[in-house]
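One file, entry_21.pdb, carrying PDB, C-alpha atoms:
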MODEL        1
ATOM      1  CA  MET A   1      51.719 109.894 175.878
ATOM      2  CA  ALA A   2      48.589 108.461 177.494
ATOM      3  CA  CYS A   3      45.265 108.434 175.663
ATOM      4  CA  THR A   4      43.213 111.607 176.158
ATOM      5  CA  LEU A   5      40.344 110.554 173.874
ATOM      6  CA  ASN A   6      36.952 109.461 175.120
ATOM      7  CA  GLN A   7      35.208 106.287 173.958
ATOM      8  CA  ASP A   8      32.837 108.158 171.672
ATOM      9  CA  GLU A   9      35.790 109.661 169.786
ATOM     10  CA  ILE A  10      37.477 106.275 169.488
ATOM     11  CA  LYS A  11      34.257 104.632 168.328
ATOM     12  CA  SER A  12      33.516 107.378 165.793
ATOM     13  CA  VAL A  13      36.644 106.647 163.773
ATOM     14  CA  LYS A  14      36.515 102.867 164.168
ATOM     15  CA  GLY A  15      33.663 102.835 161.682
ATOM     16  CA  LEU A  16      35.987 104.588 159.233
ATOM     17  CA  GLY A  17      38.593 101.843 159.631
ATOM     18  CA  PHE A  18      40.817 103.346 162.323
ATOM     19  CA  LEU A  19      41.634 101.075 165.248
ATOM     20  CA  ASN A  20      43.008 102.607 168.420
ATOM     21  CA  ASN A  21      46.539 101.779 169.524
ATOM     22  CA  LYS A  22      45.751 100.846 173.120
ATOM     23  CA  GLY A  23      46.532 103.550 175.649
ATOM     24  CA  THR A  24      47.458 106.209 173.064
ATOM     25  CA  ASN A  25      45.878 108.809 170.781
ATOM     26  CA  ARG A  26      47.200 106.904 167.781
ATOM     27  CA  PHE A  27      45.439 104.557 165.391
ATOM     28  CA  ASN A  28      46.048 101.919 162.748
ATOM     29  CA  GLY A  29      44.429 103.114 159.532
ATOM     30  CA  ARG A  30      42.981 100.121 157.656
ATOM     31  CA  ILE A  31      43.144 100.581 153.877
ATOM     32  CA  ILE A  32      40.804  98.459 151.778
ATOM     33  CA  THR A  33      42.006  96.586 148.708
ATOM     34  CA  THR A  34      39.272  95.635 146.269
ATOM     35  CA  ASN A  35      40.577  92.115 145.730
ATOM     36  CA  GLY A  36      43.969  91.902 147.403
ATOM     37  CA  LYS A  37      45.770  93.830 144.659
ATOM     38  CA  ILE A  38      47.015  97.408 144.563
ATOM     39  CA  THR A  39      48.979  99.254 141.889
ATOM     40  CA  ALA A  40      52.590 100.404 142.168
ATOM     41  CA  GLU A  41      51.296 103.979 142.368
ATOM     42  CA  GLN A  42      48.988 103.064 145.243
ATOM     43  CA  THR A  43      51.821 101.235 147.002
ATOM     44  CA  ALA A  44      53.983 104.354 146.764
ATOM     45  CA  CYS A  45      51.091 106.481 148.066
ATOM     46  CA  ILE A  46      50.664 104.227 151.105
ATOM     47  CA  ALA A  47      54.395 104.377 151.817
ATOM     48  CA  GLN A  48      54.323 108.175 151.629
ATOM     49  CA  ALA A  49      51.240 108.306 153.881
ATOM     50  CA  ALA A  50      53.000 106.066 156.413
ATOM     51  CA  GLU A  51      55.979 108.422 156.491
ATOM     52  CA  LYS A  52      53.853 111.580 156.595
ATOM     53  CA  TYR A  53      51.138 110.574 159.067
ATOM     54  CA  GLY A  54      52.100 107.231 160.617
ATOM     55  CA  ASN A  55      55.184 105.729 162.199
ATOM     56  CA  GLY A  56      56.797 104.840 158.867
ATOM     57  CA  GLU A  57      55.621 101.236 158.924
ATOM     58  CA  VAL A  58      53.047  99.327 156.842
ATOM     59  CA  ALA A  59      51.351  96.134 158.068
ATOM     60  CA  PHE A  60      49.331  93.551 156.158
ATOM     61  CA  THR A  61      46.294  91.896 157.687
ATOM     62  CA  ALA A  62      45.170  88.299 157.317
ATOM     63  CA  ARG A  63      42.293  89.530 155.135
ATOM     64  CA  MET A  64      44.481  91.332 152.591
ATOM     65  CA  THR A  65      43.926  94.839 153.806
ATOM     66  CA  VAL A  66      46.808  97.200 154.532
ATOM     67  CA  GLU A  67      47.263  98.993 157.837
ATOM     68  CA  VAL A  68      49.325 102.099 158.536
ATOM     69  CA  PRO A  69      50.090 102.226 162.293
ATOM     70  CA  GLY A  70      50.726 105.279 164.438
ATOM     71  CA  ILE A  71      48.311 107.824 162.950
ATOM     72  CA  GLU A  72      47.380 110.607 165.358
ATOM     73  CA  TYR A  73      43.656 111.148 165.900
ATOM     74  CA  LYS A  74      43.923 114.710 164.633
ATOM     75  CA  ASP A  75      45.597 113.542 161.405
ATOM     76  CA  ILE A  76      42.914 111.028 160.386
ATOM     77  CA  PRO A  77      41.041 113.379 157.982
ATOM     78  CA  ALA A  78      44.283 114.426 156.298
ATOM     79  CA  PHE A  79      45.414 110.797 155.992
ATOM     80  CA  ARG A  80      42.160 109.788 154.309
ATOM     81  CA  GLU A  81      42.352 112.726 151.918
ATOM     82  CA  PHE A  82      45.973 111.899 151.053
ATOM     83  CA  ILE A  83      45.341 108.244 150.099
ATOM     84  CA  ALA A  84      42.129 109.141 148.249
ATOM     85  CA  GLN A  85      44.326 110.798 145.619
ATOM     86  CA  SER A  86      45.331 107.276 144.510
ATOM     87  CA  GLY A  87      41.806 105.862 144.693
ATOM     88  CA  LEU A  88      42.263 104.296 148.129
ATOM     89  CA  GLU A  89      39.881 104.331 151.087
ATOM     90  CA  THR A  90      39.774 103.123 154.657
ATOM     91  CA  GLY A  91      37.121 100.951 156.281
ATOM     92  CA  GLY A  92      36.431  97.265 156.828
ATOM     93  CA  THR A  93      35.045  97.231 160.353
ATOM     94  CA  GLY A  94      31.655  96.812 162.002
ATOM     95  CA  ALA A  95      28.625  94.533 161.688
ATOM     96  CA  LYS A  96      28.593  94.675 157.922
ATOM     97  CA  VAL A  97      29.789  92.842 154.843
ATOM     98  CA  ARG A  98      33.559  92.892 155.301
ATOM     99  CA  PRO A  99      36.254  93.290 152.626
ATOM    100  CA  VAL A 100      36.447  90.212 150.401
ATOM    101  CA  VAL A 101      39.481  87.912 150.390
ATOM    102  CA  SER A 102      40.761  86.322 147.179
ATOM    103  CA  CYS A 103      43.452  83.823 146.302
ATOM    104  CA  LYS A 104      45.575  84.531 143.217
ATOM    105  CA  GLY A 105      43.283  82.597 140.879
ATOM    106  CA  THR A 106      44.483  81.940 137.374
ATOM    107  CA  THR A 107      48.032  83.147 138.057
ATOM    108  CA  CYS A 108      48.312  79.901 140.063
ATOM    109  CA  GLN A 109      48.837  76.642 138.193
ATOM    110  CA  TYR A 110      45.784  75.165 139.907
ATOM    111  CA  GLY A 111      43.450  78.166 139.566
ATOM    112  CA  LEU A 112      40.148  77.301 137.882
ATOM    113  CA  HIS A 113      38.613  80.770 137.608
ATOM    114  CA  ASP A 114      39.468  84.456 137.794
ATOM    115  CA  THR A 115      39.182  84.991 141.529
ATOM    116  CA  PHE A 116      40.446  88.580 141.290
ATOM    117  CA  GLY A 117      37.706  89.456 138.807
ATOM    118  CA  LEU A 118      34.971  87.736 140.810
ATOM    119  CA  CYS A 119      36.253  89.265 144.035
ATOM    120  CA  GLU A 120      36.143  92.738 142.478
ATOM    121  CA  GLU A 121      32.507  92.204 141.466
ATOM    122  CA  ILE A 122      31.624  91.031 144.969
ATOM    123  CA  HIS A 123      33.443  94.033 146.441
ATOM    124  CA  HIS A 124      31.504  96.558 144.375
ATOM    125  CA  ARG A 125      28.143  94.787 144.607
ATOM    126  CA  PHE A 126      28.158  93.757 148.260
ATOM    127  CA  TYR A 127      30.945  95.480 150.211
ATOM    128  CA  GLU A 128      30.210  98.859 148.630
ATOM    129  CA  GLY A 129      26.602  98.231 147.629
ATOM    130  CA  TYR A 130      25.614  97.026 151.101
ATOM    131  CA  HIS A 131      27.950  99.353 152.993
ATOM    132  CA  ASP A 132      25.137 101.108 154.848
ATOM    133  CA  VAL A 133      23.338  97.861 155.722
ATOM    134  CA  VAL A 134      23.824  96.950 159.377
ATOM    135  CA  LEU A 135      23.792  93.177 159.931
ATOM    136  CA  PRO A 136      23.500  91.139 163.155
ATOM    137  CA  HIS A 137      27.286  90.689 163.051
ATOM    138  CA  LYS A 138      30.206  90.856 160.617
ATOM    139  CA  PHE A 139      29.828  88.894 157.377
ATOM    140  CA  LYS A 140      33.049  87.637 155.795
ATOM    141  CA  ILE A 141      33.422  86.338 152.246
ATOM    142  CA  ALA A 142      36.381  84.493 150.704
ATOM    143  CA  VAL A 143      36.921  83.438 147.094
ATOM    144  CA  GLY A 144      39.208  80.510 146.276
ATOM    145  CA  GLY A 145      40.226  79.361 142.825
ATOM    146  CA  CYS A 146      40.426  75.622 143.515
ATOM    147  CA  PRO A 147      39.908  72.990 146.244
ATOM    148  CA  ASN A 148      43.359  73.698 147.722
ATOM    149  CA  ASN A 149      41.454  76.191 149.915
ATOM    150  CA  CYS A 150      44.380  78.592 150.324
ATOM    151  CA  VAL A 151      42.159  81.435 151.594
ATOM    152  CA  LYS A 152      40.072  79.094 153.785
ATOM    153  CA  PRO A 153      36.649  79.686 152.154
ATOM    154  CA  ASP A 154      35.099  77.111 154.491
ATOM    155  CA  LEU A 155      36.053  79.228 157.520
ATOM    156  CA  ASN A 156      34.171  82.290 156.284
ATOM    157  CA  ASP A 157      30.521  83.187 156.645
ATOM    158  CA  LEU A 158      30.324  82.479 152.919
ATOM    159  CA  GLY A 159      33.056  80.928 150.811
ATOM    160  CA  ILE A 160      33.353  80.214 147.108
ATOM    161  CA  ILE A 161      35.647  77.587 145.580
ATOM    162  CA  GLY A 162      36.315  77.076 141.880
ATOM    163  CA  GLN A 163      35.309  73.677 140.543
ATOM    164  CA  ARG A 164      35.746  71.649 137.384
ATOM    165  CA  VAL A 165      33.420  68.670 137.412
ATOM    166  CA  PRO A 166      34.550  65.653 135.341
ATOM    167  CA  SER A 167      32.212  64.509 132.573
ATOM    168  CA  ILE A 168      33.554  61.262 131.167
ATOM    169  CA  ASP A 169      32.553  60.367 127.621
ATOM    170  CA  LYS A 170      32.423  56.583 127.881
ATOM    171  CA  GLU A 171      32.469  56.196 124.081
ATOM    172  CA  ALA A 172      35.706  58.191 123.808
ATOM    173  CA  CYS A 173      37.375  56.253 126.639
ATOM    174  CA  ARG A 174      39.810  53.587 125.375
ATOM    175  CA  GLY A 175      40.385  52.012 128.782
ATOM    176  CA  CYS A 176      44.127  52.616 128.489
ATOM    177  CA  LYS A 177      46.357  50.358 130.554
ATOM    178  CA  LYS A 178      48.069  53.498 131.853
ATOM    179  CA  CYS A 179      45.233  56.001 132.084
ATOM    180  CA  GLN A 180      46.558  59.568 132.262
ATOM    181  CA  ILE A 181      43.522  60.748 134.209
ATOM    182  CA  GLU A 182      43.939  57.987 136.758
ATOM    183  CA  ALA A 183      47.651  58.763 137.041
ATOM    184  CA  VAL A 184      47.168  62.495 137.681
ATOM    185  CA  CYS A 185      44.205  62.306 140.093
ATOM    186  CA  PRO A 186      45.426  63.479 143.541
ATOM    187  CA  MET A 187      42.334  62.079 145.273
ATOM    188  CA  ASN A 188      42.566  58.564 143.770
ATOM    189  CA  ALA A 189      38.995  59.044 142.585
ATOM    190  CA  ALA A 190      39.639  57.958 138.971
ATOM    191  CA  LYS A 191      39.929  54.242 138.238
ATOM    192  CA  VAL A 192      39.777  52.192 135.042
ATOM    193  CA  GLN A 193      37.406  49.345 135.784
ATOM    194  CA  ASN A 194      36.374  46.712 133.261
ATOM    195  CA  GLY A 195      37.994  48.729 130.494
ATOM    196  CA  ILE A 196      36.158  52.005 131.265
ATOM    197  CA  LEU A 197      37.225  55.011 133.337
ATOM    198  CA  GLU A 198      35.016  55.609 136.372
ATOM    199  CA  ILE A 199      35.057  58.604 138.739
ATOM    200  CA  ASP A 200      34.156  58.035 142.391
ATOM    201  CA  GLN A 201      32.103  61.154 143.166
ATOM    202  CA  GLU A 202      32.536  60.591 146.893
ATOM    203  CA  LEU A 203      36.304  61.022 146.527
ATOM    204  CA  CYS A 204      36.496  63.536 143.660
ATOM    205  CA  ASN A 205      36.926  67.160 144.780
ATOM    206  CA  ASN A 206      36.547  68.615 141.252
ATOM    207  CA  CYS A 207      40.072  70.026 141.234
ATOM    208  CA  GLY A 208      40.233  69.994 137.420
ATOM    209  CA  ARG A 209      43.711  68.524 137.127
ATOM    210  CA  CYS A 210      42.392  65.747 134.901
ATOM    211  CA  SER A 211      40.347  67.889 132.496
ATOM    212  CA  ASP A 212      42.913  68.033 129.675
ATOM    213  CA  LYS A 213      44.931  64.903 130.375
ATOM    214  CA  CYS A 214      43.184  62.273 128.239
ATOM    215  CA  TYR A 215      44.832  61.859 124.806
ATOM    216  CA  PHE A 216      41.460  60.895 123.371
ATOM    217  CA  GLY A 217      39.478  63.738 124.969
ATOM    218  CA  CYS A 218      37.218  61.586 127.098
ATOM    219  CA  ASN A 219      36.974  64.401 129.689
ATOM    220  CA  LYS A 220      36.987  67.400 127.363
ATOM    221  CA  ASN A 221      33.468  68.323 128.442
ATOM    222  CA  ALA A 222      34.352  68.816 132.109
ATOM    223  CA  LYS A 223      32.100  71.547 133.509
ATOM    224  CA  SER A 224      33.360  74.632 135.319
ATOM    225  CA  GLY A 225      31.495  75.973 138.320
ATOM    226  CA  TYR A 226      31.530  77.159 141.905
ATOM    227  CA  LYS A 227      31.065  75.335 145.190
ATOM    228  CA  ILE A 228      29.647  77.501 147.977
ATOM    229  CA  TYR A 229      30.171  77.066 151.711
ATOM    230  CA  ILE A 230      27.982  78.820 154.255
ATOM    231  CA  GLY A 231      28.358  79.277 157.998
ATOM    232  CA  GLY A 232      32.092  79.048 158.521
ATOM    233  CA  ARG A 233      33.866  81.160 161.137
ATOM    234  CA  TRP A 234      37.209  81.537 162.856
ATOM    235  CA  GLY A 235      38.041  83.134 166.169
ATOM    236  CA  LYS A 236      36.988  82.527 169.771
ATOM    237  CA  LYS A 237      34.421  80.066 168.452
ATOM    238  CA  THR A 238      35.073  78.119 165.278
ATOM    239  CA  ALA A 239      32.798  76.423 162.777
ATOM    240  CA  VAL A 240      33.548  74.758 159.453
ATOM    241  CA  GLY A 241      31.108  75.865 156.784
ATOM    242  CA  LYS A 242      28.770  73.375 155.131
ATOM    243  CA  THR A 243      28.568  73.071 151.361
ATOM    244  CA  LEU A 244      25.407  73.748 149.452
ATOM    245  CA  SER A 245      24.412  70.618 147.568
ATOM    246  CA  LYS A 246      24.506  72.244 144.135
ATOM    247  CA  ILE A 247      27.532  73.185 142.035
ATOM    248  CA  PHE A 248      26.711  76.565 140.523
ATOM    249  CA  THR A 249      27.682  76.718 136.858
ATOM    250  CA  SER A 250      27.323  80.465 136.305
ATOM    251  CA  LYS A 251      28.827  83.469 138.053
ATOM    252  CA  GLU A 252      25.427  85.141 138.299
ATOM    253  CA  GLU A 253      24.044  82.126 140.160
ATOM    254  CA  ALA A 254      26.876  82.381 142.671
ATOM    255  CA  LEU A 255      26.404  86.147 143.082
ATOM    256  CA  SER A 256      22.681  85.630 143.614
ATOM    257  CA  ILE A 257      23.369  83.132 146.412
ATOM    258  CA  ILE A 258      25.632  85.679 148.119
ATOM    259  CA  GLU A 259      22.921  88.323 148.010
ATOM    260  CA  LYS A 260      20.268  85.948 149.296
ATOM    261  CA  ALA A 261      22.562  84.849 152.154
ATOM    262  CA  ILE A 262      23.155  88.458 153.210
ATOM    263  CA  LEU A 263      19.442  89.242 153.049
ATOM    264  CA  LEU A 264      18.570  86.099 155.015
ATOM    265  CA  PHE A 265      21.117  87.034 157.685
ATOM    266  CA  LYS A 266      19.753  90.573 157.837
ATOM    267  CA  GLU A 267      16.149  89.385 158.098
ATOM    268  CA  GLN A 268      16.447  86.332 160.344
ATOM    269  CA  GLY A 269      19.701  86.719 162.235
ATOM    270  CA  LYS A 270      19.577  87.825 165.853
ATOM    271  CA  ASN A 271      21.646  90.784 166.968
ATOM    272  CA  GLY A 272      25.141  89.671 167.985
ATOM    273  CA  GLU A 273      25.040  86.190 166.428
ATOM    274  CA  ARG A 274      27.225  85.101 163.531
ATOM    275  CA  PHE A 275      25.757  83.587 160.373
ATOM    276  CA  SER A 276      26.805  80.120 161.573
ATOM    277  CA  ASP A 277      24.617  80.612 164.660
ATOM    278  CA  THR A 278      21.684  81.701 162.504
ATOM    279  CA  ILE A 279      22.079  78.605 160.323
ATOM    280  CA  ALA A 280      22.299  76.322 163.362
ATOM    281  CA  ARG A 281      19.165  77.892 164.842
ATOM    282  CA  LEU A 282      17.101  77.757 161.637
ATOM    283  CA  GLY A 283      18.506  74.447 160.388
ATOM    284  CA  PHE A 284      20.840  74.001 157.417
ATOM    285  CA  GLU A 285      18.186  72.346 155.245
ATOM    286  CA  GLN A 286      15.779  75.260 155.761
ATOM    287  CA  VAL A 287      18.488  77.837 154.992
ATOM    288  CA  GLU A 288      19.537  75.966 151.851
ATOM    289  CA  LYS A 289      15.902  75.802 150.728
ATOM    290  CA  GLU A 290      15.546  79.570 151.144
ATOM    291  CA  LEU A 291      18.796  80.240 149.290
ATOM    292  CA  TYR A 292      17.612  78.158 146.338
ATOM    293  CA  SER A 293      14.339  80.088 146.215
ATOM    294  CA  ASP A 294      13.977  83.659 144.933
ATOM    295  CA  ASP A 295      11.331  84.529 147.528
ATOM    296  CA  ILE A 296      13.774  86.456 149.704
ATOM    297  CA  LEU A 297      14.780  88.652 146.744
ATOM    298  CA  LYS A 298      11.139  89.704 146.398
ATOM    299  CA  ARG A 299      11.342  91.018 149.973
ATOM    300  CA  LYS A 300      14.673  92.800 149.425
ATOM    301  CA  GLU A 301      13.424  96.379 149.812
ATOM    302  CA  GLU A 302      11.322  95.416 152.837
ATOM    303  CA  ILE A 303      14.288  93.674 154.479
ATOM    304  CA  LEU A 304      16.700  96.519 153.797
ATOM    305  CA  HIS A 305      14.429  99.465 154.469
ATOM    306  CA  GLY A 306      11.390  98.118 156.320
TER     307      GLY A 306
ENDMDL
END
When written as structure tokens, how does the structure in this file appear?
Amino acid sequence: MACTLNQDEIKSVKGLGFLNNKGTNRFNGRIITTNGKITAEQTACIAQAAEKYGNGEVAFTARMTVEVPGIEYKDIPAFREFIAQSGLETGGTGAKVRPVVSCKGTTCQYGLHDTFGLCEEIHHRFYEGYHDVVLPHKFKIAVGGCPNNCVKPDLNDLGIIGQRVPSIDKEACRGCKKCQIEAVCPMNAAKVQNGILEIDQELCNNCGRCSDKCYFGCNKNAKSGYKIYIGGRWGKKTAVGKTLSKIFTSKEEALSIIEKAILLFKEQGKNGERFSDTIARLGFEQVEKELYSDDILKRKEEILHG
């Protein structure tokens, strides 16, 4: 059956997370996951909703949301009410902060921090908290647990990567002939030279694989933190994000940078340009300087409501 809906009707539900199946009155309903996880009860609810209102199928997006295809326009309110019983909602479209993507964090052997937990905080604070804030364009965030970059943080408007920065205690180092840290380093950044372990910071990616490998504890004080990329994007035009020069050693520092980046984009971005374009126009050094300052937070209410 051909589409009988007008563009205003199609647009009105797109903001709720329903994307039109071209040429029909049917839609894909996009269900948001807080951090890429849903419960067994929620999974069952989605399956039932797909049978009741959709075409019986469930699709997974690249950004860890769930889509139910084939929902009739007239059934959209009932579909939303049905999934709400299990604490689920639709959304994730428009020129706003988009749903956050997370890798599996500490359930992975290489995970350096709880990406699910951090992602949930970002979801509540910025996806939900800034839900009514219209930005110049979409703003995507990804959270990775280590430098393996499985969720491509550097191809998002803002990306976070877990870090563990080596801190070699030269007095504890015995200069072992077969250094366990040197042996395990995947970047070949660790070398015993003149009887002392040295880390080449240009090669080291702070993956943390060496932090507990020394028998004598010469790297037991390795510091955990977060590397932040800004200005990445994927699509018709691509850009690899640039890293801020500082490794952030507290979660609150990282969350503050996210908020300042969103506010900067809201205040200084031009309508229709991505954050990478804003950064290129203003200059990376200037943007980094503003993100390290708290001045933009003092203008928060003016930026959001002025």
| request: Give me the result of the PyMOL selection byres ((chain A and resi 22-33) around 10) on this file, residue by residue, as a VMD selection string. | output: chain A and resid 1 to 6 10 13 to 14 16 to 21 34 to 38 46 50 54 to 55 58 to 61 63 to 76 79 to 80 83 88 to 93 98 to 101 120 123
| request: For CA of Lys260 in chain A and CA of Thr106 in chain A, determine how far apart the two atoms are, in Å to one decimal place. | output: 27.3 Å
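Running the PyMOL selection byres ((chain A and resi 234) around 10) on this file leaves Lys152, Asp154, Leu155, Asn156, Asp157, Gly232, Arg233, Gly235, Lys236, Lys237, Thr238, Ala239 and Val240 of chain A selected.
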| Written as a ChimeraX atom specification, which residues does the PyMOL selection byres ((chain A and resi 218) around 10) give for the file shown? | /A:166-174,181,197,211-217,219-222
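The environment of Leu297 in chain A within 10 Å, counting all atoms listed in the file and disregarding residues fewer than 2 places along the same chain, consists of A:Ser256, A:Glu259, A:Lys260, A:Leu263, A:Leu264, A:Leu291, A:Ser293, A:Asp294, A:Asp295, A:Arg299, A:Lys300, A:Glu301, A:Glu302, A:Ile303.
Residue nearest Lys246 in chain A within the list A:Tyr110, A:Phe275, A:Tyr127, A:Tyr226: A:Tyr226 [criterion: smallest interatomic distance, only C-alpha atoms].
With distances restricted to all atoms listed in the file, A:Lys270 is the closest residue to Leu135 in chain A from A:Lys270, A:Lys191, A:Lys11, A:Lys52.
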| Length of the CA of Val97 in chain A to CA of Ala49 in chain A vector [Å] | 26.5 Å
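The residue that comes closest to Asn149 in chain A, out of A:Pro186, A:Ser224, A:Gly162, A:Tyr53 and on the basis of only C-alpha atoms, is A:Gly162.
With all atoms listed in the file as the atoms that count, the residue of A:Tyr292, A:Phe248, A:Phe284, A:Phe139 with the shortest distance to Gly272 in chain A is A:Phe139.
Here CA of Cys210 in chain A stands at a distance of 28.2 Å from CA of Ile257 in chain A.
Among the candidate residues A:Ser86, A:Gly145, A:Ser12, A:Gln201, the one lying nearest to Glu41 in chain A is A:Ser86, with distances computed using only C-alpha atoms.
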Could you name the residues that touch Phe265 in chain A at 8 Å or less, counting all atoms listed in the file, but leaving out those on the same chain fewer than 3 positions away, as a PDB file with C-alpha atoms, in the coordinates of the input?
ATOM      1  CA  LEU A 135      23.792  93.177 159.931  1.00  0.00           C
ATOM      2  CA  PRO A 136      23.500  91.139 163.155  1.00  0.00           C
ATOM      3  CA  ALA A 261      22.562  84.849 152.154  1.00  0.00           C
ATOM      4  CA  ILE A 262      23.155  88.458 153.210  1.00  0.00           C
ATOM      5  CA  GLN A 268      16.447  86.332 160.344  1.00  0.00           C
ATOM      6  CA  GLY A 269      19.701  86.719 162.235  1.00  0.00           C
ATOM      7  CA  PHE A 275      25.757  83.587 160.373  1.00  0.00           C
ATOM      8  CA  THR A 278      21.684  81.701 162.504  1.00  0.00           C
TER       9      THR A 278
END
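With all atoms listed in the file as the basis for measurement, A:Ala95 is the residue among A:Leu203, A:Ala95, A:Ala47, A:Val165 that approaches Val133 in chain A most closely.
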For a quick check of your reading of the model, name the residues lying within 12 Å of the coordinate (42.4, 60.1, 143.3), counting all atoms listed in the file, and write them as a PDB file with C-alpha atoms, in the coordinates of the input.
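So the final result, stored in part.pdb, reads:
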ATOM      1  CA  GLN A 180      46.558  59.568 132.262  1.00  0.00           C
ATOM      2  CA  ILE A 181      43.522  60.748 134.209  1.00  0.00           C
ATOM      3  CA  GLU A 182      43.939  57.987 136.758  1.00  0.00           C
ATOM      4  CA  ALA A 183      47.651  58.763 137.041  1.00  0.00           C
ATOM      5  CA  VAL A 184      47.168  62.495 137.681  1.00  0.00           C
ATOM      6  CA  CYS A 185      44.205  62.306 140.093  1.00  0.00           C
ATOM      7  CA  PRO A 186      45.426  63.479 143.541  1.00  0.00           C
ATOM      8  CA  MET A 187      42.334  62.079 145.273  1.00  0.00           C
ATOM      9  CA  ASN A 188      42.566  58.564 143.770  1.00  0.00           C
ATOM     10  CA  ALA A 189      38.995  59.044 142.585  1.00  0.00           C
ATOM     11  CA  ALA A 190      39.639  57.958 138.971  1.00  0.00           C
ATOM     12  CA  LYS A 191      39.929  54.242 138.238  1.00  0.00           C
ATOM     13  CA  VAL A 192      39.777  52.192 135.042  1.00  0.00           C
ATOM     14  CA  GLU A 198      35.016  55.609 136.372  1.00  0.00           C
ATOM     15  CA  ILE A 199      35.057  58.604 138.739  1.00  0.00           C
ATOM     16  CA  ASP A 200      34.156  58.035 142.391  1.00  0.00           C
ATOM     17  CA  GLN A 201      32.103  61.154 143.166  1.00  0.00           C
ATOM     18  CA  GLU A 202      32.536  60.591 146.893  1.00  0.00           C
ATOM     19  CA  LEU A 203      36.304  61.022 146.527  1.00  0.00           C
ATOM     20  CA  CYS A 204      36.496  63.536 143.660  1.00  0.00           C
ATOM     21  CA  ASN A 205      36.926  67.160 144.780  1.00  0.00           C
ATOM     22  CA  ASN A 206      36.547  68.615 141.252  1.00  0.00           C
ATOM     23  CA  CYS A 207      40.072  70.026 141.234  1.00  0.00           C
ATOM     24  CA  GLY A 208      40.233  69.994 137.420  1.00  0.00           C
ATOM     25  CA  ARG A 209      43.711  68.524 137.127  1.00  0.00           C
ATOM     26  CA  CYS A 210      42.392  65.747 134.901  1.00  0.00           C
TER      27      CYS A 210
END
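For the point (51.7, 112.5, 146.0) in file coordinates, the residues within 8 Å, using all atoms listed in the file, are Cys45, Gln48, Phe82 and Gln85 of chain A.
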| said: Give me the residues near Glu121 in chain A as JSON, numbers by chain, where near means some atom within 9 Å (using only C-alpha atoms) and where sequence neighbours in that chain fewer than 5 positions away do not count. | reply: {"A": [34, 116, 126, 255]}
